[in-house]
Every structure is written in structure tokens, then in C-alpha cells.
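First up is the structure itself, then whatever we jot down about it.
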Amino acid sequence: MKAIQVHKHGGIDVLQLEEVSDLQPAEGQVLVCVKAAGINPVDTYIRAGTNNYTADFPHTPGKDSAGIVAAVGTGVTRVKAGDRVYCAGTLSGASAEQTLCNEAQVHPLPDKFSFEQGACMGVPYTTAWRALFIRAHALAAETVLVHGASGGVGLAAVQLARAAGLTVIGTASTEAGRELILNNGAHHTLDHSDPDHLQQAIELTAGKGVNLILEMLANVNLGQDLPALSHGGRVVIIGSRGPVEINPRDTMARDAAILGMALANTTGPERERIHASLVAGLESGTLNPVVNKSFHIAQLGLAHEAVLEPGACGNIVITV
Ligand code: NAP
């Protein structure tokens, strides 16, 4: 089979499409014939060896994919050969014609969704769900500011929060991004490149402040986020690309909390809850992954560049 192979950290030129041995599922494993793979910013950090990420070589990039089950190992009961699935995580890498997963990483993909859409489910939706419901304990009737709502995680958070009965404010730097956020369930949109946008968020809550902020770029925003929180407000740090200065007093009078969130800390029982909810959301139609750009696997480098470009409007995927 063909797979992207990375033999050393570097730029997009280290992504090589090579012929490698076919994979075989061991006990408890599922072999998936990959039709599409999702590209996330973390894939580029691992390829480049930045932000404290590293890899074992040869490395096949990508955590998320969707396709058809080709074979299952002994003991696997949740899926069978021929099933359409999305894979949230992989043992062997997603940018390949085949990917090997643990049974717990494979979930049913309803017929009405394309494989490209299925490939957007893993990192973006798992992150958004864990941030909203496990770290921040989001409740219906609260107001959430999704700070960076036009990308993969942000749009997932908008859809999940709207379905859970929150009032949703989403930000994007472009008109197209803000229109997309509205079309995906946000009640209000703001422009995070406008220096006054957090004051506008407070005004949207009649001066009370927002209950939750999901923060995609904490190194830029955290200092200004804290004064925009309500009493008991919580900000979840999902993305940050450097240090930031805050005034701790901004948390005190509000009893506010700053919560870190790393997808890698997701426990087995959390994963069960998250994907039971996500599959139900796909079946009921409250979730609808947004594909912005699709590239062929041979152009994975272009996909790695696209996921870091400003002006996000949904997810970047490759087809295989
Ligand atoms: P993405 O698809 O590239 O989207 C990035 C988002 O950030 C876009 O909505 C972008 O909006 C927005 N943004 C850009 N500048 C901003 C600013 N100054 N203030 C607020 N938002 C801003 O990336 P993603 O997949 O959604 O991931 C978002 C971040 O979370 C990345 O840094 C990623 O590495 C991180 N992440 C962390 C975890 C974890 O476990 N903690 C898991 C997944 C992702 P515009 O393009 O419109 O400016």
C-alpha cells in the first residue's frame, strides 16, 4: 500500500509518498481502508518537531481518518468488514491507504456524511466536546464565546454548544468566516481582529460578561479574555503559541477559572462518552462537519500549509 513517510523532522518537503507493507490487524485492532484523512495543526507541529512535539521515524502523519473497515482482529465486536467508519486516532498514521486502529478509536459514520466529513470528526470534535462539557461543565442557558470559531475546533464547538442550548458567540477575522459561523448555529459573530470585540461581547450579554470562553489563541487573547468573563466564568485554553501577560486580579472578584485542556489527557471512559454523543449528533443531524479544502494524498504538503493559513473556513482534508 501507499503511505506518506517522514524520515526526519522538517518542512513539507519531508512528506514522501512511498510504497510500504500492507498492515494486518492484531487482537482488538481494526484495519481501515482510508478514503479521507483530516489535517490538524498538530500534524504540522509533529512533522516539524516544534511546540514540544516529536515523532518516531518513519512517521506517517495524521490522527484522523474515515473509510471502510477492511478486516478486524480477534475480539473486535463493535465493527465488521464493510462498515463505514470515522477513526479518531490511529496506531499507524492516517495519511495512507490503510490505517490500523484500536477498536475504541473506530466509530460508525452514517451514510449521509461523506468520508471527507467523517475525517473531520476526530481531533476537532473530540477537543470541542471535552473543552465544553468535561473541562468547562457547560450548561444550557449559559453564553459561550468561541474565540476562533471559523476553524475545525471552533465550528465543532459552535455546533455542539448550540445543540446543548447555550447562547453562542463566535469570532473570525473574515466576513466569510463569520457567515460560516452563523450558518453553523452561532447567535452572534464578532471580528477578533477588531480591538473592541471583547467589549462588544460583554455588550451582547447586557454587561454581565460571558460564562465561558473557548480560547484558540491564548497567547494573544488571555489577558483581555478575563475581564470579559461573568461571575463564575471559565476560560478553557485550547490553543496557544507562546507566553502571555495577565492580571490575576481579573479572576478574583469574578471567582473565574482558567482551565487548561489537552486532548492527549482524554481517558478511556471520557472517549466512550464523547463519541457516543458525537455519533448521536451525526445521526440526529445536529452535527455537520464542514470541509473547506480537499487535497489528494500526494499533495499533503499543500494541506499542511493550508491548515496554518489565516482566514479559516472549516476543515482541511486529503483524499486517498
Ligand atoms: P484552525 O482550523 O487552523 O483554526 C484556527 C482558528 O483560530 C480560526 O478560527 C482562526 O480564525 C482563529 N484565530 C486566528 N487568530 C485569532 C485570534 N487572534 N483570536 C482568536 N482566534 C484566532 O485550527 P483548529 O484545528 O481549530 O485548532 C485551533 C487551535 O487549537 C490550534 O492552535 C491547535 O493547535 C489547537 N488545538 C489544541 C488541542 C488541544 O488538545 N489543546 C486540540 C486541537 C487543536 P481566522 O482564521 O478567521 O483568523
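Ligands are numbered from 1 in the order shown, chains are lettered A, B, ... in the order of the C-alpha cells, and residues start at 1 in each chain.
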
- Fewer than 3 positions away in the same chain doesn't count, so skip those; otherwise give me all residues within 9 Å of Ala164 (chain A), counting only C-alpha atoms, as a count of residues only. 7

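Among the residues of region 98-153 of chain A, backbone DSSP assigns alpha helix (DSSP H) to Phe115, Glu116, Gln117, Gly118, Thr126, Thr127, Ala128, Trp129, Gly152 and Val153 of chain A.
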
Restricting the output to all heavy atoms, write the selected residues as a compact mmCIF listing (two decimals), in the first residue's frame.
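Result file follows (out.txt):
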```txt
# COMPACT_ATOMS: atom_id res chain seq x y z
N PHE A 115 -16.95 10.70 3.33
CA PHE A 115 -15.74 10.32 4.06
C PHE A 115 -14.92 11.56 4.44
O PHE A 115 -14.29 11.58 5.50
CB PHE A 115 -14.89 9.35 3.23
CG PHE A 115 -15.55 7.99 3.06
CD1 PHE A 115 -15.94 7.54 1.81
CD2 PHE A 115 -15.77 7.18 4.16
CE1 PHE A 115 -16.55 6.30 1.66
CE2 PHE A 115 -16.38 5.93 4.03
CZ PHE A 115 -16.77 5.49 2.78
N GLU A 116 -14.92 12.58 3.56
CA GLU A 116 -14.20 13.82 3.92
C GLU A 116 -14.78 14.42 5.20
O GLU A 116 -14.04 14.89 6.06
CB GLU A 116 -14.29 14.85 2.78
CG GLU A 116 -13.31 14.59 1.65
CD GLU A 116 -14.03 14.14 0.39
OE1 GLU A 116 -14.97 13.31 0.52
OE2 GLU A 116 -13.66 14.60 -0.69
N GLN A 117 -16.10 14.42 5.31
CA GLN A 117 -16.70 14.93 6.55
C GLN A 117 -16.34 14.05 7.75
O GLN A 117 -16.03 14.56 8.83
CB GLN A 117 -18.22 15.01 6.41
CG GLN A 117 -18.70 16.15 5.51
CD GLN A 117 -20.21 16.16 5.44
OE1 GLN A 117 -20.82 15.25 4.87
NE2 GLN A 117 -20.82 17.19 6.01
N GLY A 118 -16.37 12.74 7.55
CA GLY A 118 -16.02 11.83 8.64
C GLY A 118 -14.59 12.06 9.13
O GLY A 118 -14.31 11.93 10.32
N THR A 126 -13.66 15.99 19.15
CA THR A 126 -13.31 15.47 20.47
C THR A 126 -12.79 16.61 21.35
O THR A 126 -13.12 16.70 22.54
CB THR A 126 -12.24 14.36 20.36
OG1 THR A 126 -12.62 13.46 19.31
CG2 THR A 126 -12.12 13.57 21.64
N THR A 127 -11.97 17.47 20.77
CA THR A 127 -11.43 18.62 21.51
C THR A 127 -12.55 19.54 21.96
O THR A 127 -12.60 19.96 23.13
CB THR A 127 -10.45 19.41 20.60
OG1 THR A 127 -9.39 18.54 20.22
CG2 THR A 127 -9.90 20.64 21.31
N ALA A 128 -13.44 19.89 21.04
CA ALA A 128 -14.52 20.82 21.37
C ALA A 128 -15.42 20.24 22.46
O ALA A 128 -15.81 20.94 23.41
CB ALA A 128 -15.33 21.14 20.12
N TRP A 129 -15.75 18.95 22.36
CA TRP A 129 -16.64 18.30 23.34
C TRP A 129 -15.97 18.29 24.71
O TRP A 129 -16.58 18.63 25.73
CB TRP A 129 -16.96 16.88 22.89
CG TRP A 129 -18.25 16.33 23.42
CD1 TRP A 129 -19.44 16.23 22.73
CD2 TRP A 129 -18.52 15.78 24.73
NE1 TRP A 129 -20.40 15.67 23.53
CE2 TRP A 129 -19.88 15.38 24.76
CE3 TRP A 129 -17.75 15.59 25.87
CZ2 TRP A 129 -20.48 14.81 25.89
CZ3 TRP A 129 -18.34 15.02 27.00
CH2 TRP A 129 -19.69 14.64 27.00
N GLY A 152 -11.49 24.25 12.51
CA GLY A 152 -12.05 22.93 12.78
C GLY A 152 -12.63 22.81 14.17
O GLY A 152 -13.79 22.40 14.35
N VAL A 153 -11.85 23.14 15.21
CA VAL A 153 -12.33 23.01 16.58
C VAL A 153 -13.46 24.01 16.84
O VAL A 153 -14.47 23.68 17.48
CB VAL A 153 -11.17 23.24 17.59
CG1 VAL A 153 -11.69 23.18 19.02
CG2 VAL A 153 -10.06 22.22 17.38
```

- Neighbour list for Gly301 (chain A) as a ChimeraX atom specification, cut-off 12 Å, only C-alpha atoms, skip fewer than 4 positions in-chain: /A:4,6,10-17,39,43-44,47-48,61,95,295-297,305-308,316-318

Protein and nucleic acid residues within 6 Å of ligand 1 (only C-alpha atoms and all ligand atoms) as a JSON list (two decimals) with N, CA and C atoms, in the first residue's frame:
```json
[["chain", "number", "residue", "atom", "x", "y", "z"],
["A", 40, "ASN", "N", -4.87, 18.46, 10.89],
["A", 40, "ASN", "CA", -4.97, 19.34, 12.05],
["A", 40, "ASN", "C", -3.64, 20.05, 12.26],
["A", 41, "PRO", "N", -3.68, 21.26, 12.91],
["A", 41, "PRO", "CA", -2.41, 21.96, 13.14],
["A", 41, "PRO", "C", -1.36, 21.08, 13.81],
["A", 42, "VAL", "N", -1.79, 20.18, 14.72],
["A", 42, "VAL", "CA", -0.81, 19.35, 15.43],
["A", 42, "VAL", "C", -0.01, 18.46, 14.47],
["A", 123, "VAL", "N", -9.99, 14.85, 15.99],
["A", 123, "VAL", "CA", -9.39, 15.90, 16.83],
["A", 123, "VAL", "C", -10.35, 17.09, 17.02],
["A", 124, "PRO", "N", -10.96, 17.64, 15.95],
["A", 124, "PRO", "CA", -11.77, 18.86, 16.17],
["A", 124, "PRO", "C", -12.96, 18.63, 17.10],
["A", 127, "THR", "N", -11.97, 17.47, 20.77],
["A", 127, "THR", "CA", -11.43, 18.62, 21.51],
["A", 127, "THR", "C", -12.55, 19.54, 21.96],
["A", 147, "HIS", "N", -13.69, 31.68, 20.81],
["A", 147, "HIS", "CA", -12.73, 32.69, 20.35],
["A", 147, "HIS", "C", -11.83, 32.06, 19.31],
["A", 148, "GLY", "N", -12.24, 32.17, 18.04],
["A", 148, "GLY", "CA", -11.62, 31.45, 16.95],
["A", 148, "GLY", "C", -12.57, 30.33, 16.53],
["A", 149, "ALA", "N", -13.72, 30.75, 15.96],
["A", 149, "ALA", "CA", -14.81, 29.79, 15.71],
["A", 149, "ALA", "C", -14.86, 29.30, 14.27],
["A", 150, "SER", "N", -14.02, 29.83, 13.40],
["A", 150, "SER", "CA", -14.13, 29.51, 11.97],
["A", 150, "SER", "C", -13.29, 28.32, 11.56],
["A", 151, "GLY", "N", -12.46, 27.79, 12.47],
["A", 151, "GLY", "CA", -11.62, 26.64, 12.14],
["A", 151, "GLY", "C", -12.28, 25.33, 12.55],
["A", 152, "GLY", "N", -11.49, 24.25, 12.51],
["A", 152, "GLY", "CA", -12.05, 22.93, 12.78],
["A", 152, "GLY", "C", -12.63, 22.81, 14.17],
["A", 153, "VAL", "N", -11.85, 23.14, 15.21],
["A", 153, "VAL", "CA", -12.33, 23.01, 16.58],
["A", 153, "VAL", "C", -13.46, 24.01, 16.84],
["A", 154, "GLY", "N", -13.31, 25.23, 16.34],
["A", 154, "GLY", "CA", -14.29, 26.28, 16.62],
["A", 154, "GLY", "C", -15.66, 25.96, 16.06],
["A", 172, "ALA", "N", -14.35, 35.36, 14.05],
["A", 172, "ALA", "CA", -13.50, 35.08, 12.90],
["A", 172, "ALA", "C", -12.97, 36.40, 12.38],
["A", 173, "SER", "N", -11.86, 36.34, 11.65],
["A", 173, "SER", "CA", -11.26, 37.59, 11.15],
["A", 173, "SER", "C", -11.79, 37.98, 9.78],
["A", 174, "THR", "N", -12.53, 37.07, 9.12],
["A", 174, "THR", "CA", -13.02, 37.39, 7.77],
["A", 174, "THR", "C", -14.55, 37.35, 7.73],
["A", 177, "GLY", "N", -15.70, 33.83, 7.12],
["A", 177, "GLY", "CA", -15.65, 33.03, 8.34],
["A", 177, "GLY", "C", -16.84, 33.32, 9.24],
["A", 192, "HIS", "N", -12.35, 39.02, 15.62],
["A", 192, "HIS", "CA", -11.27, 39.07, 16.62],
["A", 192, "HIS", "C", -10.10, 39.95, 16.20],
["A", 216, "MET", "N", -8.75, 29.77, 21.32],
["A", 216, "MET", "CA", -7.90, 29.11, 20.32],
["A", 216, "MET", "C", -6.52, 29.76, 20.22],
["A", 217, "LEU", "N", -6.34, 30.97, 20.77],
["A", 217, "LEU", "CA", -5.04, 31.65, 20.67],
["A", 217, "LEU", "C", -4.78, 32.44, 21.95],
["A", 220, "VAL", "N", -2.37, 35.47, 22.55],
["A", 220, "VAL", "CA", -2.82, 36.79, 22.08],
["A", 220, "VAL", "C", -3.93, 37.33, 22.98],
["A", 238, "ILE", "N", -7.45, 26.14, 24.68],
["A", 238, "ILE", "CA", -7.33, 25.05, 23.70],
["A", 238, "ILE", "C", -6.07, 25.25, 22.85],
["A", 239, "GLY", "N", -5.84, 26.47, 22.40],
["A", 239, "GLY", "CA", -4.66, 26.75, 21.58],
["A", 239, "GLY", "C", -3.85, 27.89, 22.16],
["A", 240, "SER", "N", -2.52, 27.79, 22.09],
["A", 240, "SER", "CA", -1.63, 28.89, 22.49],
["A", 240, "SER", "C", -0.30, 28.67, 21.81],
["A", 261, "MET", "N", -6.45, 22.49, 28.68],
["A", 261, "MET", "CA", -7.11, 21.35, 28.03],
["A", 261, "MET", "C", -6.15, 20.73, 27.02],
["A", 262, "ALA", "N", -5.80, 19.47, 27.21],
["A", 262, "ALA", "CA", -5.00, 18.75, 26.21],
["A", 262, "ALA", "C", -5.74, 17.47, 25.83],
["A", 263, "LEU", "N", -5.96, 17.32, 24.54],
["A", 263, "LEU", "CA", -6.68, 16.15, 24.04],
["A", 263, "LEU", "C", -6.00, 14.85, 24.48],
["A", 307, "VAL", "N", -3.64, 24.40, 6.48],
["A", 307, "VAL", "CA", -4.23, 24.36, 7.83],
["A", 307, "VAL", "C", -3.66, 25.47, 8.72],
["A", 308, "LEU", "N", -2.53, 26.03, 8.34],
["A", 308, "LEU", "CA", -1.93, 27.11, 9.15],
["A", 308, "LEU", "C", -2.20, 28.50, 8.57],
["A", 310, "PRO", "N", -4.16, 31.96, 7.66],
["A", 310, "PRO", "CA", -5.25, 32.73, 8.27],
["A", 310, "PRO", "C", -6.49, 32.70, 7.38],
["A", 311, "GLY", "N", -7.62, 33.08, 7.96],
["A", 311, "GLY", "CA", -8.86, 33.09, 7.18],
["A", 311, "GLY", "C", -9.50, 31.72, 7.13],
["A", 312, "ALA", "N", -9.49, 31.01, 8.25],
["A", 312, "ALA", "CA", -10.05, 29.65, 8.30],
["A", 312, "ALA", "C", -11.54, 29.67, 7.95],
["A", 315, "ASN", "N", -12.61, 22.76, 7.87],
["A", 315, "ASN", "CA", -11.51, 21.79, 7.98],
["A", 315, "ASN", "C", -10.78, 21.58, 6.65]]
```

With the cut-off set at 12 Å and counting only C-alpha atoms, tabulate each residue of region 130-200 of chain A with an atom at most that distance from an atom of region 230-234 of chain A, showing the nearest atom pair and its distance in Å to one decimal, ordered by chain and increasing number, as a Markdown table.
```
| residue | atom | partner | partner_atom | distance |
| --- | --- | --- | --- | --- |
| A:Ala131 | CA | A:Arg234 | CA | 10.6 |
| A:Leu132 | CA | A:Arg234 | CA | 10.1 |
| A:Phe133 | CA | A:Arg234 | CA | 11.9 |
| A:Arg135 | CA | A:Arg234 | CA | 9.1 |
| A:Ala136 | CA | A:Arg234 | CA | 6.4 |
| A:His137 | CA | A:Arg234 | CA | 9.2 |
| A:Ala138 | CA | A:Arg234 | CA | 9.3 |
| A:Leu139 | CA | A:Gly233 | CA | 11.9 |
| A:Glu142 | CA | A:Gly233 | CA | 9.9 |
| A:Thr143 | CA | A:Ser230 | CA | 9.5 |
| A:Val144 | CA | A:Arg234 | CA | 9.5 |
| A:Leu145 | CA | A:Arg234 | CA | 10.5 |
```

Any chance you can output those residues with N, CA, C and O atoms as a compact mmCIF listing (two decimals), in the first residue's frame?
```txt
# COMPACT_ATOMS: atom_id res chain seq x y z
N ALA A 131 -13.56 20.17 25.86
CA ALA A 131 -13.40 21.52 26.40
C ALA A 131 -14.72 22.03 26.98
O ALA A 131 -14.78 22.55 28.09
N LEU A 132 -15.80 21.85 26.21
CA LEU A 132 -17.11 22.38 26.64
C LEU A 132 -17.66 21.64 27.85
O LEU A 132 -18.07 22.27 28.84
N PHE A 133 -17.70 20.33 27.76
CA PHE A 133 -18.52 19.57 28.71
C PHE A 133 -17.71 18.91 29.82
O PHE A 133 -18.27 18.66 30.90
N ARG A 135 -14.14 19.90 30.71
CA ARG A 135 -13.34 20.91 31.41
C ARG A 135 -14.22 22.06 31.93
O ARG A 135 -14.10 22.45 33.07
N ALA A 136 -15.10 22.61 31.08
CA ALA A 136 -15.84 23.83 31.49
C ALA A 136 -17.20 23.52 32.09
O ALA A 136 -17.84 24.42 32.62
N HIS A 137 -17.68 22.29 32.00
CA HIS A 137 -19.01 21.94 32.51
C HIS A 137 -20.08 22.90 31.97
O HIS A 137 -20.87 23.48 32.74
N ALA A 138 -20.08 23.08 30.66
CA ALA A 138 -21.03 24.00 30.02
C ALA A 138 -22.46 23.57 30.30
O ALA A 138 -22.78 22.37 30.28
N LEU A 139 -23.33 24.55 30.55
CA LEU A 139 -24.74 24.27 30.85
C LEU A 139 -25.64 25.03 29.91
O LEU A 139 -25.32 26.15 29.48
N GLU A 142 -26.29 29.06 29.39
CA GLU A 142 -25.08 29.88 29.53
C GLU A 142 -24.71 30.48 28.16
O GLU A 142 -25.20 30.06 27.12
N THR A 143 -23.81 31.47 28.23
CA THR A 143 -23.30 32.08 26.99
C THR A 143 -21.83 31.69 26.83
O THR A 143 -21.05 31.80 27.78
N VAL A 144 -21.49 31.19 25.64
CA VAL A 144 -20.10 30.81 25.35
C VAL A 144 -19.57 31.70 24.23
O VAL A 144 -20.26 31.95 23.23
N LEU A 145 -18.35 32.20 24.43
CA LEU A 145 -17.63 32.88 23.36
C LEU A 145 -16.62 31.88 22.79
O LEU A 145 -15.70 31.46 23.51
```
